[in-house]
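K.L.:
Just so it is clear, I am handing over query.txt, which has compact mmCIF, C-alpha atoms.
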```
# COMPACT_ATOMS: atom_id res chain seq x y z
CA MET A 1 36.60 67.80 -13.64
CA THR A 2 35.60 71.43 -13.32
CA THR A 3 37.95 72.46 -10.55
CA THR A 4 37.79 75.69 -8.69
CA GLU A 5 40.73 76.96 -10.69
CA ALA A 6 39.11 76.00 -13.98
CA LYS A 7 35.91 77.75 -12.97
CA ARG A 8 37.93 80.79 -11.95
CA LEU A 9 39.61 80.84 -15.34
CA MET A 10 36.24 80.56 -17.09
CA ALA A 11 34.93 83.46 -15.06
CA GLU A 12 37.97 85.50 -16.02
CA ILE A 13 37.45 84.65 -19.67
CA ALA A 14 33.80 85.66 -19.44
CA GLU A 15 34.78 88.99 -17.92
CA ARG A 16 37.66 89.85 -20.23
CA ARG A 17 36.98 89.83 -23.92
CA ASP A 18 40.61 90.65 -24.65
CA LEU A 19 41.66 87.51 -22.83
CA ALA A 20 39.02 85.47 -24.66
CA ALA A 21 40.37 86.70 -27.96
CA GLU A 22 43.93 86.01 -26.93
CA LEU A 23 43.14 82.45 -25.87
CA ALA A 24 41.03 81.88 -28.94
CA ALA A 25 44.15 82.55 -31.00
CA LEU A 26 45.85 79.75 -29.08
CA GLU A 27 43.12 77.23 -29.79
CA GLY A 28 44.54 73.82 -30.48
CA ASP A 29 47.62 74.41 -28.38
CA PRO A 30 46.94 73.26 -24.83
CA LYS A 31 50.50 73.86 -23.72
CA ALA A 32 50.29 77.50 -24.81
CA TRP A 33 46.97 77.81 -22.97
CA TRP A 34 48.44 76.21 -19.90
CA GLN A 35 51.46 78.53 -19.95
CA ARG A 36 49.28 81.62 -20.39
CA ALA A 37 46.95 80.49 -17.62
CA ARG A 38 49.93 80.03 -15.31
CA ASP A 39 51.25 83.48 -16.29
CA LEU A 40 47.92 84.87 -15.18
CA GLY A 41 48.22 83.09 -11.85
CA PHE A 42 45.91 80.13 -12.41
CA ARG A 43 47.34 76.98 -10.89
CA LEU A 44 46.00 74.57 -13.47
CA SER A 45 47.74 71.42 -14.54
CA LEU A 46 48.32 70.62 -18.18
CA ASP A 47 45.96 67.73 -17.67
CA GLU A 48 43.21 70.08 -16.56
CA VAL A 49 43.85 72.43 -19.45
CA GLU A 50 43.67 69.59 -21.94
CA GLU A 51 40.43 68.35 -20.45
CA LEU A 52 39.11 71.88 -20.44
CA LEU A 53 39.84 72.22 -24.12
CA ALA A 54 38.82 68.72 -25.08
CA GLY A 55 35.57 69.30 -23.25
CA SER A 56 33.26 66.86 -24.85
CA GLY A 57 33.88 64.14 -27.34
CA GLY A 58 31.21 65.92 -29.33
CA LEU A 59 28.15 64.53 -31.01
CA ASP A 60 27.69 62.06 -33.77
CA ASP A 61 25.16 62.44 -36.53
CA GLU A 62 22.57 60.35 -34.72
CA ASP A 63 22.67 62.75 -31.78
CA LEU A 64 22.04 65.69 -34.07
CA GLU A 65 19.29 63.85 -35.90
CA ALA A 66 17.61 63.25 -32.57
CA VAL A 67 17.72 66.97 -31.81
CA ALA A 68 16.31 67.72 -35.26
CA GLY A 69 13.52 65.22 -34.61
CA GLY A 70 12.55 66.77 -31.31
CA TRP A 71 9.42 68.12 -32.94
CA GLU A 72 8.21 64.61 -33.70
CA GLY A 73 5.25 64.59 -31.39
CA ASP A 74 6.07 62.27 -28.55
CA GLY A 75 9.74 63.13 -28.64
CA SER A 76 10.61 59.68 -29.87
CA GLY A 77 13.39 61.10 -32.01
CA ASP A 78 14.99 62.60 -28.95
CA ASP A 79 15.74 61.27 -25.52
CA GLY A 80 13.70 64.16 -24.25
CA SER A 81 15.35 63.80 -20.93
CA GLY A 82 15.29 67.46 -20.15
CA ASP A 83 18.63 66.86 -18.57
CA GLY A 84 20.67 68.64 -21.08
CA GLY A 85 22.20 71.22 -18.86
CA GLY A 86 25.48 70.98 -17.17
CA MET B 87 2.33 76.29 -7.99
CA THR B 88 1.25 79.79 -7.19
CA ALA B 89 1.62 83.12 -8.83
CA ALA B 90 4.52 85.34 -8.00
CA ALA B 91 3.61 87.78 -5.29
CA ASP B 92 4.24 90.73 -7.56
CA GLY B 93 2.36 89.16 -10.42
CA THR B 94 5.37 89.11 -12.67
CA TRP B 95 6.19 86.30 -14.98
CA PRO B 96 8.72 83.67 -14.44
CA ALA B 97 12.12 83.77 -13.32
CA ILE B 98 13.89 80.56 -12.82
CA ARG B 99 13.68 79.85 -9.15
CA SER B 100 17.17 79.71 -7.80
CA GLY B 101 17.66 76.48 -5.95
CA GLU B 102 15.08 74.73 -8.10
CA SER B 103 16.89 75.19 -11.36
CA ARG B 104 20.51 74.34 -10.89
CA ARG B 105 21.13 74.77 -14.56
CA GLY B 106 20.45 78.35 -15.41
CA GLU B 107 18.33 79.88 -18.06
CA LEU B 108 18.06 79.58 -21.80
CA GLY B 109 19.12 83.19 -22.16
CA GLU B 110 22.67 82.09 -21.42
CA LEU B 111 22.75 80.74 -24.96
CA ALA B 112 22.22 84.19 -26.45
CA PRO B 113 25.94 84.91 -27.04
CA LEU B 114 26.45 81.58 -28.81
CA LEU B 115 23.23 82.07 -30.70
CA GLY B 116 24.43 85.49 -31.77
CA ARG B 117 27.56 83.91 -33.14
CA ARG B 118 25.90 81.02 -34.94
CA LEU B 119 22.62 82.47 -36.20
CA SER B 120 23.27 84.09 -39.55
CA PRO B 121 22.18 87.70 -40.05
CA ALA B 122 20.45 86.36 -43.15
CA LEU B 123 17.97 84.64 -40.81
CA ALA B 124 17.59 87.15 -37.99
CA GLY B 125 18.20 90.86 -37.77
CA ALA B 126 19.18 92.79 -34.69
CA VAL B 127 15.61 93.36 -33.49
CA ALA B 128 14.71 89.68 -33.82
CA ARG B 129 17.87 88.68 -31.97
CA GLY B 130 17.13 91.09 -29.19
CA LYS B 131 13.63 89.75 -28.73
CA LEU B 132 14.85 86.17 -28.77
CA SER B 133 17.39 86.96 -26.08
CA ALA B 134 14.76 88.67 -23.97
CA ALA B 135 12.30 85.79 -24.25
CA CYS B 136 15.00 83.21 -23.53
CA ARG B 137 15.82 84.90 -20.24
CA HIS B 138 12.71 83.45 -18.69
CA LEU B 139 13.15 79.83 -19.67
CA PRO B 140 15.16 76.87 -18.39
CA LEU B 141 18.47 76.12 -20.09
CA THR B 142 17.50 72.45 -20.26
CA CYS B 143 14.67 73.05 -22.72
CA LEU B 144 14.83 72.00 -26.32
CA ALA B 145 14.36 75.29 -28.18
CA ALA B 146 13.00 75.81 -31.66
CA LEU B 147 13.40 79.00 -33.68
CA GLU B 148 10.66 79.68 -36.22
CA LEU B 149 11.85 81.75 -39.17
CA ARG B 150 9.62 83.33 -41.76
CA LEU B 151 11.44 82.89 -45.04
CA GLY B 152 11.56 84.89 -48.24
CA ARG B 153 10.68 88.26 -46.83
CA ALA B 154 12.45 91.41 -47.81
CA ASP B 155 11.91 92.94 -44.40
CA ARG B 156 13.54 91.74 -41.23
CA SER B 157 10.88 89.42 -39.92
CA PRO B 158 10.48 88.45 -36.30
CA VAL B 159 11.74 85.07 -35.20
CA ASP B 160 9.39 83.16 -32.92
CA LEU B 161 10.55 80.91 -30.13
CA SER B 162 9.17 77.59 -28.93
CA VAL B 163 10.46 75.50 -26.05
CA ARG B 164 9.67 71.95 -25.13
CA LEU B 165 9.13 71.32 -21.46
CA GLY B 166 9.75 68.03 -19.77
CA PRO B 167 8.28 67.59 -16.30
CA GLY B 168 11.55 68.69 -14.70
CA ASP B 169 11.63 71.83 -16.78
CA ALA B 170 8.05 72.53 -15.87
CA VAL B 171 8.94 72.48 -12.20
CA ALA B 172 11.83 74.84 -12.82
CA LEU B 173 9.74 77.18 -14.86
CA ARG B 174 7.47 79.38 -12.83
CA PRO B 175 4.59 80.22 -15.06
CA ALA B 176 2.95 82.36 -12.42
CA ALA B 177 -0.46 83.67 -13.27
CA ARG B 178 -0.18 84.27 -16.98
CA PRO B 179 -2.74 82.87 -17.40
CA PRO B 180 -3.64 81.09 -14.16
CA HIS B 181 -5.22 78.11 -15.85
CA LEU B 182 -1.97 77.39 -17.70
CA ALA B 183 -0.03 77.59 -14.45
CA ARG B 184 -2.43 75.08 -12.94
CA PHE B 185 -2.18 72.80 -15.93
CA ILE B 186 1.62 72.80 -15.93
CA ASP B 187 1.71 72.27 -12.21
CA GLY B 188 -0.64 69.29 -12.43
CA TRP B 189 1.12 67.84 -15.45
CA SER B 190 4.55 68.08 -13.85
CA HIS B 191 3.16 66.09 -10.93
CA GLY B 192 1.73 63.29 -13.01
CA ALA B 193 -1.70 64.53 -13.97
CA TRP B 194 -2.67 64.45 -17.62
CA PRO B 195 -0.85 61.24 -18.59
CA ALA B 196 -2.12 61.68 -22.15
CA VAL B 197 0.34 64.55 -22.54
CA ALA B 198 3.90 63.45 -23.26
CA TRP B 199 5.44 66.91 -23.59
CA LEU B 200 4.40 70.50 -23.49
CA TRP B 201 5.60 73.13 -25.90
CA LEU B 202 5.28 76.82 -25.17
CA GLU B 203 5.24 78.88 -28.32
CA TYR B 204 6.08 82.57 -28.06
CA ASP B 205 5.03 84.89 -30.84
CA LEU B 206 7.68 87.60 -30.80
CA ASP B 207 6.16 89.91 -33.37
CA GLN B 208 4.83 92.24 -30.68
CA PRO B 209 6.67 94.64 -28.40
CA LEU B 210 7.87 92.78 -25.33
CA ALA B 211 7.26 93.85 -21.79
CA ARG B 212 10.44 94.27 -19.79
CA ASP B 213 9.43 92.06 -16.91
CA ARG B 214 7.57 89.23 -18.56
CA PRO B 215 7.53 87.24 -21.78
CA PRO B 216 4.48 87.36 -24.01
CA LEU B 217 1.59 85.04 -23.43
CA PRO B 218 2.50 81.70 -24.99
CA ASN B 219 0.46 79.46 -27.15
CA VAL B 220 0.54 76.08 -25.46
CA VAL B 221 0.94 72.86 -27.35
CA ALA B 222 0.35 69.42 -25.89
CA ALA B 223 2.24 66.58 -27.53
CA LEU B 224 0.04 63.55 -27.06
CA ALA B 225 1.49 60.27 -25.92
CA PRO B 226 1.09 57.42 -28.40
CA GLY B 227 -2.01 55.44 -27.64
CA SER B 228 -3.38 58.11 -25.36
CA SER B 229 -7.02 58.94 -25.36
CA GLU B 230 -7.79 61.76 -27.69
CA PRO B 231 -7.98 65.34 -26.44
CA LEU B 232 -11.74 65.78 -26.41
CA SER B 233 -12.67 62.92 -24.13
CA SER B 234 -9.60 63.35 -21.95
CA GLY B 235 -10.37 67.02 -21.39
CA VAL B 236 -6.88 68.12 -22.42
CA LEU B 237 -8.10 70.69 -24.90
CA ASP B 238 -10.49 72.28 -22.41
CA ALA B 239 -7.79 72.39 -19.78
CA LEU B 240 -5.30 74.02 -22.12
CA ALA B 241 -7.79 76.63 -23.24
CA GLY B 242 -9.05 77.31 -19.73
CA ARG B 243 -12.64 77.01 -20.84
CA PRO B 244 -14.95 74.44 -22.34
CA THR B 245 -14.50 73.94 -26.02
CA PRO B 246 -17.65 75.24 -27.78
CA ALA B 247 -20.01 72.45 -28.81
CA ALA B 248 -19.81 73.34 -32.50
CA TRP B 249 -16.01 73.18 -32.35
CA ARG B 250 -16.17 69.82 -30.64
CA ARG B 251 -18.40 68.43 -33.35
CA ARG B 252 -16.02 69.61 -36.06
CA LEU B 253 -12.98 68.33 -34.17
CA ARG B 254 -14.73 64.99 -33.68
CA ARG B 255 -15.28 64.73 -37.40
CA CYS B 256 -11.61 65.50 -38.11
CA LEU B 257 -10.40 62.96 -35.57
CA ASP B 258 -12.77 60.25 -36.68
CA ALA B 259 -11.55 60.66 -40.24
CA LEU B 260 -7.84 60.20 -39.43
CA PRO B 261 -6.36 57.86 -42.03
CA ALA B 262 -4.73 54.59 -41.07
CA GLY B 263 -1.07 55.13 -40.24
CA SER B 264 -1.56 58.72 -39.19
CA ARG B 265 -1.82 60.00 -35.66
CA LEU B 266 -2.88 63.12 -33.83
CA LEU B 267 0.42 64.51 -32.53
CA TYR B 268 -0.46 67.89 -31.06
CA VAL B 269 -3.32 69.98 -29.85
CA PHE B 270 -2.74 73.72 -29.60
CA SER B 271 -4.46 76.32 -27.52
CA MET B 272 -3.71 79.67 -29.12
CA LEU B 273 -3.71 81.69 -25.94
CA SER B 274 -1.80 84.56 -27.52
CA ARG B 275 -4.42 84.95 -30.21
CA PRO B 276 -7.80 85.36 -28.50
CA GLY B 277 -10.72 84.10 -30.50
CA ARG B 278 -8.55 81.94 -32.68
CA PRO B 279 -9.65 78.38 -33.30
CA ALA B 280 -8.07 75.32 -31.82
CA ARG B 281 -5.23 73.82 -33.83
CA ILE B 282 -4.45 70.17 -34.35
CA GLU B 283 -1.40 68.65 -35.95
CA ILE B 284 -1.52 65.23 -37.52
CA GLY B 285 1.58 63.20 -38.32
CA GLY B 286 2.40 60.29 -40.58
CA LEU B 287 0.61 61.43 -43.73
CA ALA B 288 1.84 60.49 -47.18
CA PHE B 289 0.98 63.32 -49.55
CA ASP B 290 -1.74 61.44 -51.43
CA THR B 291 -3.34 60.50 -48.14
CA LEU B 292 -3.09 64.09 -46.96
CA LEU B 293 -4.98 65.26 -50.06
CA ARG B 294 -7.77 62.73 -49.57
CA TYR B 295 -8.04 63.59 -45.89
CA LEU B 296 -8.22 67.32 -46.54
CA GLU B 297 -10.89 66.84 -49.17
CA ARG B 298 -12.93 64.76 -46.77
CA VAL B 299 -12.75 67.06 -43.75
CA ALA B 300 -12.27 70.48 -45.34
CA GLY B 301 -13.48 70.30 -48.91
CA VAL B 302 -12.12 70.31 -52.42
CA GLU B 303 -10.82 73.88 -52.39
CA MET B 304 -8.37 73.19 -49.57
CA ALA B 305 -7.36 69.92 -51.16
CA ARG B 306 -6.71 71.81 -54.38
CA ARG B 307 -4.50 74.33 -52.60
CA ALA B 308 -2.65 71.49 -50.92
CA ALA B 309 -2.04 69.86 -54.29
CA GLU B 310 -0.42 73.09 -55.43
CA LEU B 311 2.08 72.75 -52.59
CA ARG B 312 3.23 69.34 -53.67
CA PRO B 313 6.01 70.52 -56.04
CA LEU B 314 7.42 72.52 -53.13
CA THR B 315 7.77 69.59 -50.73
CA GLY B 316 10.97 68.28 -52.29
CA GLY B 317 9.71 64.73 -52.13
CA ALA B 318 9.64 64.73 -48.33
CA GLU B 319 7.29 62.21 -46.74
CA PRO B 320 5.53 61.61 -44.46
CA HIS B 321 4.16 65.01 -43.53
CA HIS B 322 2.61 66.75 -40.60
CA LEU B 323 -0.62 68.60 -41.35
CA ALA B 324 -1.71 71.50 -39.12
CA LEU B 325 -5.37 72.46 -39.21
CA ASP B 326 -7.24 75.24 -37.43
CA VAL B 327 -10.64 74.04 -36.32
CA ALA B 328 -13.59 76.04 -35.01
CA GLU B 329 -17.16 75.65 -36.22
CA GLU B 330 -15.60 74.80 -39.55
CA VAL B 331 -12.11 73.83 -40.60
CA GLU B 332 -10.48 77.19 -41.15
CA PRO B 333 -8.95 77.97 -44.56
CA ARG B 334 -5.38 78.27 -43.31
CA PHE B 335 -3.34 75.08 -43.05
CA GLY B 336 0.30 74.07 -42.83
CA VAL B 337 2.27 71.15 -44.20
CA ASP B 338 5.61 70.22 -42.60
CA CYS B 339 8.44 68.77 -44.68
CA SER B 340 11.60 67.14 -43.39
CA PHE B 341 14.07 64.34 -43.93
CA PRO B 342 15.42 62.05 -41.24
CA ARG B 343 19.10 62.48 -42.06
CA LEU B 344 21.15 65.65 -41.77
CA PRO B 345 21.49 68.05 -44.71
CA ARG B 346 25.12 67.05 -45.30
CA GLN B 347 24.00 63.43 -45.71
CA ASP B 348 20.83 63.95 -47.66
CA GLY B 349 20.87 66.20 -50.72
CA ARG B 350 17.10 66.39 -50.69
CA TRP B 351 17.34 69.15 -48.08
CA ARG B 352 19.10 71.35 -50.61
CA GLY B 353 16.63 70.29 -53.28
CA LEU B 354 13.71 71.24 -51.02
CA LEU B 355 15.20 74.67 -50.32
CA ASP B 356 16.22 75.18 -53.95
CA GLY B 357 12.58 74.69 -54.85
CA LEU B 358 11.52 77.33 -52.33
CA VAL B 359 14.13 79.77 -53.65
CA GLY B 360 12.94 79.13 -57.18
CA ALA B 361 9.36 79.84 -56.14
CA GLY B 362 10.36 83.07 -54.42
CA LEU B 363 9.50 81.73 -50.96
CA CYS B 364 13.05 81.72 -49.61
CA ARG B 365 16.07 83.87 -50.31
CA ALA B 366 19.27 82.20 -51.45
CA GLU B 367 21.18 83.48 -48.44
CA GLU B 368 18.50 82.07 -46.15
CA ARG B 369 18.85 78.67 -47.84
CA GLU B 370 22.59 78.66 -47.25
CA ALA B 371 22.19 79.75 -43.64
CA LEU B 372 19.60 77.04 -42.95
CA LEU B 373 21.84 74.37 -44.48
CA ALA B 374 24.81 75.61 -42.46
CA TRP B 375 22.98 75.65 -39.11
CA THR B 376 23.38 71.98 -38.16
CA GLY B 377 26.40 71.32 -35.96
CA TYR B 378 27.48 71.78 -32.39
CA ASP B 379 29.69 73.76 -30.09
CA THR B 380 31.81 72.48 -27.26
CA PHE B 381 33.61 74.58 -24.74
CA ARG B 382 36.61 74.43 -27.05
CA THR B 383 34.83 75.96 -30.01
CA GLY B 384 32.61 78.30 -28.06
CA PHE B 385 34.40 79.07 -24.83
CA ALA B 386 34.24 82.82 -25.29
CA HIS B 387 30.43 82.56 -25.40
CA TRP B 388 29.92 79.51 -23.20
CA PRO B 389 26.75 79.42 -21.08
CA PRO B 390 27.93 79.95 -17.50
CA SER B 391 25.62 77.25 -16.15
CA ALA B 392 26.62 74.61 -18.72
CA GLY B 393 29.28 72.11 -17.88
CA LEU B 394 32.63 72.13 -19.60
CA GLY B 395 31.87 68.75 -21.11
CA ASP B 396 28.43 69.72 -22.39
CA VAL B 397 27.57 70.26 -26.01
CA VAL B 398 25.32 72.89 -27.56
CA ALA B 399 23.65 71.14 -30.49
CA ARG B 400 22.05 72.83 -33.48
CA ALA B 401 19.92 71.08 -36.06
CA LEU B 402 17.72 72.03 -38.98
CA SER B 403 14.40 70.41 -38.14
CA HIS B 404 11.79 71.04 -40.79
CA VAL B 405 10.20 73.45 -43.22
CA LYS B 406 6.55 74.40 -43.02
CA LEU B 407 4.50 75.45 -46.02
CA VAL B 408 1.51 77.56 -45.06
CA SER B 409 -1.45 77.98 -47.38
CA LEU B 410 -4.08 80.70 -47.28
CA PRO B 411 -6.74 81.33 -49.91
CA GLY B 412 -5.98 83.96 -52.50
CA ARG B 413 -2.36 84.36 -51.47
CA PRO B 414 0.91 82.72 -52.41
CA PRO B 415 2.04 80.08 -49.93
CA GLU B 416 4.44 81.04 -47.17
CA ALA B 417 7.48 79.09 -46.03
CA LYS B 418 8.95 78.85 -42.55
CA GLY B 419 12.13 77.21 -41.38
CA TYR B 420 12.58 75.61 -37.94
CA LEU B 421 15.93 75.39 -36.22
CA MET B 422 16.55 73.40 -33.06
CA LEU B 423 18.95 74.31 -30.29
CA ARG B 424 19.72 72.31 -27.19
CA VAL B 425 22.31 71.88 -24.49
CA LEU B 426 23.22 68.21 -24.15
CA PRO B 427 25.38 66.52 -21.58
CA GLY B 428 28.66 65.59 -23.18
CA CYS B 429 31.04 62.76 -22.58
CA PRO B 430 34.79 62.88 -22.07
CA SER B 431 36.88 63.00 -25.17
CA PRO B 432 38.19 59.51 -26.02
CA LEU B 433 41.52 61.13 -26.74
CA ALA B 434 41.55 62.73 -23.33
CA LYS B 435 40.87 59.36 -21.73
CA ALA B 436 43.49 57.56 -23.78
CA THR B 437 46.22 60.06 -23.07
CA ARG B 438 45.42 60.72 -19.44
CA GLN B 439 48.09 58.41 -18.04
CA GLU B 440 50.75 59.78 -20.35
CA ARG B 441 49.87 63.32 -19.42
CA HIS B 442 50.21 62.54 -15.75
CA ASP B 443 53.89 62.02 -16.44
CA VAL B 444 54.32 65.62 -17.53
CA GLN B 445 51.94 67.15 -15.04
CA ILE B 446 53.63 69.89 -13.13
CA CYS B 447 51.17 71.21 -10.61
```
Do you think you could lay out the structure here as structure tokens?

P.N.:
Amino acid sequence: MTTTEAKRLMAEIAERRDLAAELAALEGDPKAWWQRARDLGFRLSLDEVEELLAGSGGLDDEDLEAVAGGWEGDGSGDDGSGDGGG
Amino acid sequence: MTAAADGTWPAIRSGESRRGELGELAPLLGRRLSPALAGAVARGKLSAACRHLPLTCLAALELRLGRADRSPVDLSVRLGPGDAVALRPAARPPHLARFIDGWSHGAWPAVAWLWLEYDLDQPLARDRPPLPNVVAALAPGSSEPLSSGVLDALAGRPTPAAWRRRLRRCLDALPAGSRLLYVFSMLSRPGRPARIEIGGLAFDTLLRYLERVAGVEMARRAAELRPLTGGAEPHHLALDVAEEVEPRFGVDCSFPRLPRQDGRWRGLLDGLVGAGLCRAEEREALLAWTGYDTFRTGFAHWPPSAGLGDVVARALSHVKLVSLPGRPPEAKGYLMLRVLPGCPSPLAKATRQERHDVQIC
């Protein structure tokens, strides 16, 4: 869902450590993030902000075990897809 | 694939690698890698080496444990064919560039994956990473590396006849249930022997095999390692082979489940601490490594080329015990790091419709 606005916000965060720290303090509060983003002029919806923060559903233990097993010769412990990037 | 016109190493070719470079993980790595495991110099070298490599690679950090000084941390990356296309190995050395080029286009079917292993204990040039050792992970059931020519191709020269005879003896003696996993060409260490790594060895089998191919003294030294393995089985065994089997060897130890699920990890590391091969703070840092970051937990350090739904996974992989004659064994820890494509949060999916009701923009 990475919209232009979301990418613009990410770029701003990457540029401004003070903003990163400020938003980090709001972690877990999408509405506060959304309000701050709007104050800064980013026209993001709450839906976008929540998706931005939710990001991924994360990994389960089997996923991590597969990464740990990536040294197992033929890569059988890992999908080895080489497609890990975004 | 041809060398860069200016002769410099790598660079991810823009347009070919849509996903950026591994160096983008440096800020997250800096946050997650404990100072107990890597000092400032080691971190700096890691960041520099990562700049030349695709973000999609599985990366492994090799940590020398139990040292009072700030030891270097070495870096290995596993290349899939797609990564190999993105990586531009240029002319360092040309034979490796040719091998990677051919492999990424389907040549060398015996090779499942390639690992590039960077020794970062030397000063780094500004414009190029150090020469890598190259490691071929052999596909199950593939022909072995002597007859297939893989070893010669990796080394860029014919394997000396005396080495071939010794390698043949080692391969012919492989015990049932074991398998040759890797062949190494130690390009960064001229004159060094070839290295092979064998997987699937129970410890008793490993001892018998070593005695058969390398003699009783090496088997005796291996037996001395047994109390340090924490009961891990099966093992990998790494052997250096030239005219003879060289006296240095390594034994890998790991468990299939994560440290938080399997207390044997802590037992293994406790044993190393007790033997003076690992510092207590290193043990804790190794055990704490496994986990992951999402954009939510790591947004201030998020790799610019990673997607917002991606995950940066970290996992403790294995411990290697290295034996040399006349010296105490050495221990190394291996940490994995990889960007994985994520999936939408189930919560986000479930609440999407409700959130549409309060959407303002």

K.L.:
Rounded to one decimal in Å, what is the spacing between CA of Tyr420 in chain B and CA of Ser264 in chain B?

P.N.:
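That distance, rounded to one decimal, is 22.1 Å.
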
K.L.:
Take the point (22.4, 64.3, -32.3) in the file's coordinates, draw a sphere of radius 10 Å around it, and report as an NGL selection string every protein, DNA or RNA residue with an atom inside or on it, counting only C-alpha atoms.

P.N.:
(:A and (58-69 or 77-79)) or (:B and (344 or 376-378 or 399-401 or 424 or 426))

K.L.:
Would you mind reading off the distance between CA of Gln347 in chain B and CA of Gly263 in chain B, one decimal, in Å?

P.N.:
27.0 Å

K.L.:
Which polymer residues have any atom within 9 Å of an atom of Arg117 in chain B, counting all atoms listed in the file, with same-chain residues fewer than 4 positions away left out, as an NGL selection string?

P.N.:
:B and (112-113 or 387)

K.L.:
Please, could you write that set of residues out with C-alpha atoms as a PDB file, keeping the file's coordinate frame?

P.N.:
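again-v8.pdb, written as the output of this step:
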```
ATOM      1  CA  ALA B 112      22.220  84.190 -26.450  1.00  0.00           C
ATOM      2  CA  PRO B 113      25.940  84.910 -27.040  1.00  0.00           C
ATOM      3  CA  HIS B 387      30.430  82.560 -25.400  1.00  0.00           C
TER       4      HIS B 387
END
```

K.L.:
Could you give me, as an NGL selection string, the residues within 10 Å of Leu257 in chain B, counting only C-alpha atoms and dropping anything in the same chain fewer than 5 positions from it?

P.N.:
:B and (230-232 or 251-252 or 265-266 or 282 or 284 or 299)

K.L.:
Enter the distance from CA of Leu123 in chain B to CA of Phe270 in chain B, in Å, rounded to one decimal.

P.N.:
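Computing it gives 26.0 Å between the two atoms.
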
K.L.:
Neighbours of range 22-24 of chain A within 12 Å (only C-alpha atoms; same-chain residues fewer than 2 positions away dropped), as a ChimeraX atom specification?

P.N.:
/A:9-10,12-14,16-20,26-37,40,49,53 /B:381-387

K.L.:
Could you name the residues that touch Leu217 in chain B at 10 Å or less, counting only C-alpha atoms, but leaving out those on the same chain fewer than 2 positions away, as a list in words?

P.N.:
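The filter keeps Trp95, Arg178, Pro179, Leu202, Glu203, Tyr204, Asp205, Leu206, Arg214, Pro215, Asn219, Val220, Met272, Leu273, Ser274 and Arg275 of chain B.
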
K.L.:
From the list B:Ala309, B:Ala280, B:Leu210, B:Leu147, which residue is nearest chain A when using all atoms listed in the file?

P.N.:
B:Leu147

K.L.:
How big is the axis-aligned box, and where does its centre sit, when it encloses all atoms of range 13-24 of chain A listed in the file and has 5 Å added on every side, reported in Å to one decimal as lines of an AutoDock Vina configuration file?

P.N.:
```
center_x = 38.9
center_y = 86.3
center_z = -23.4
size_x = 20.1
size_y = 18.8
size_z = 21.0
```
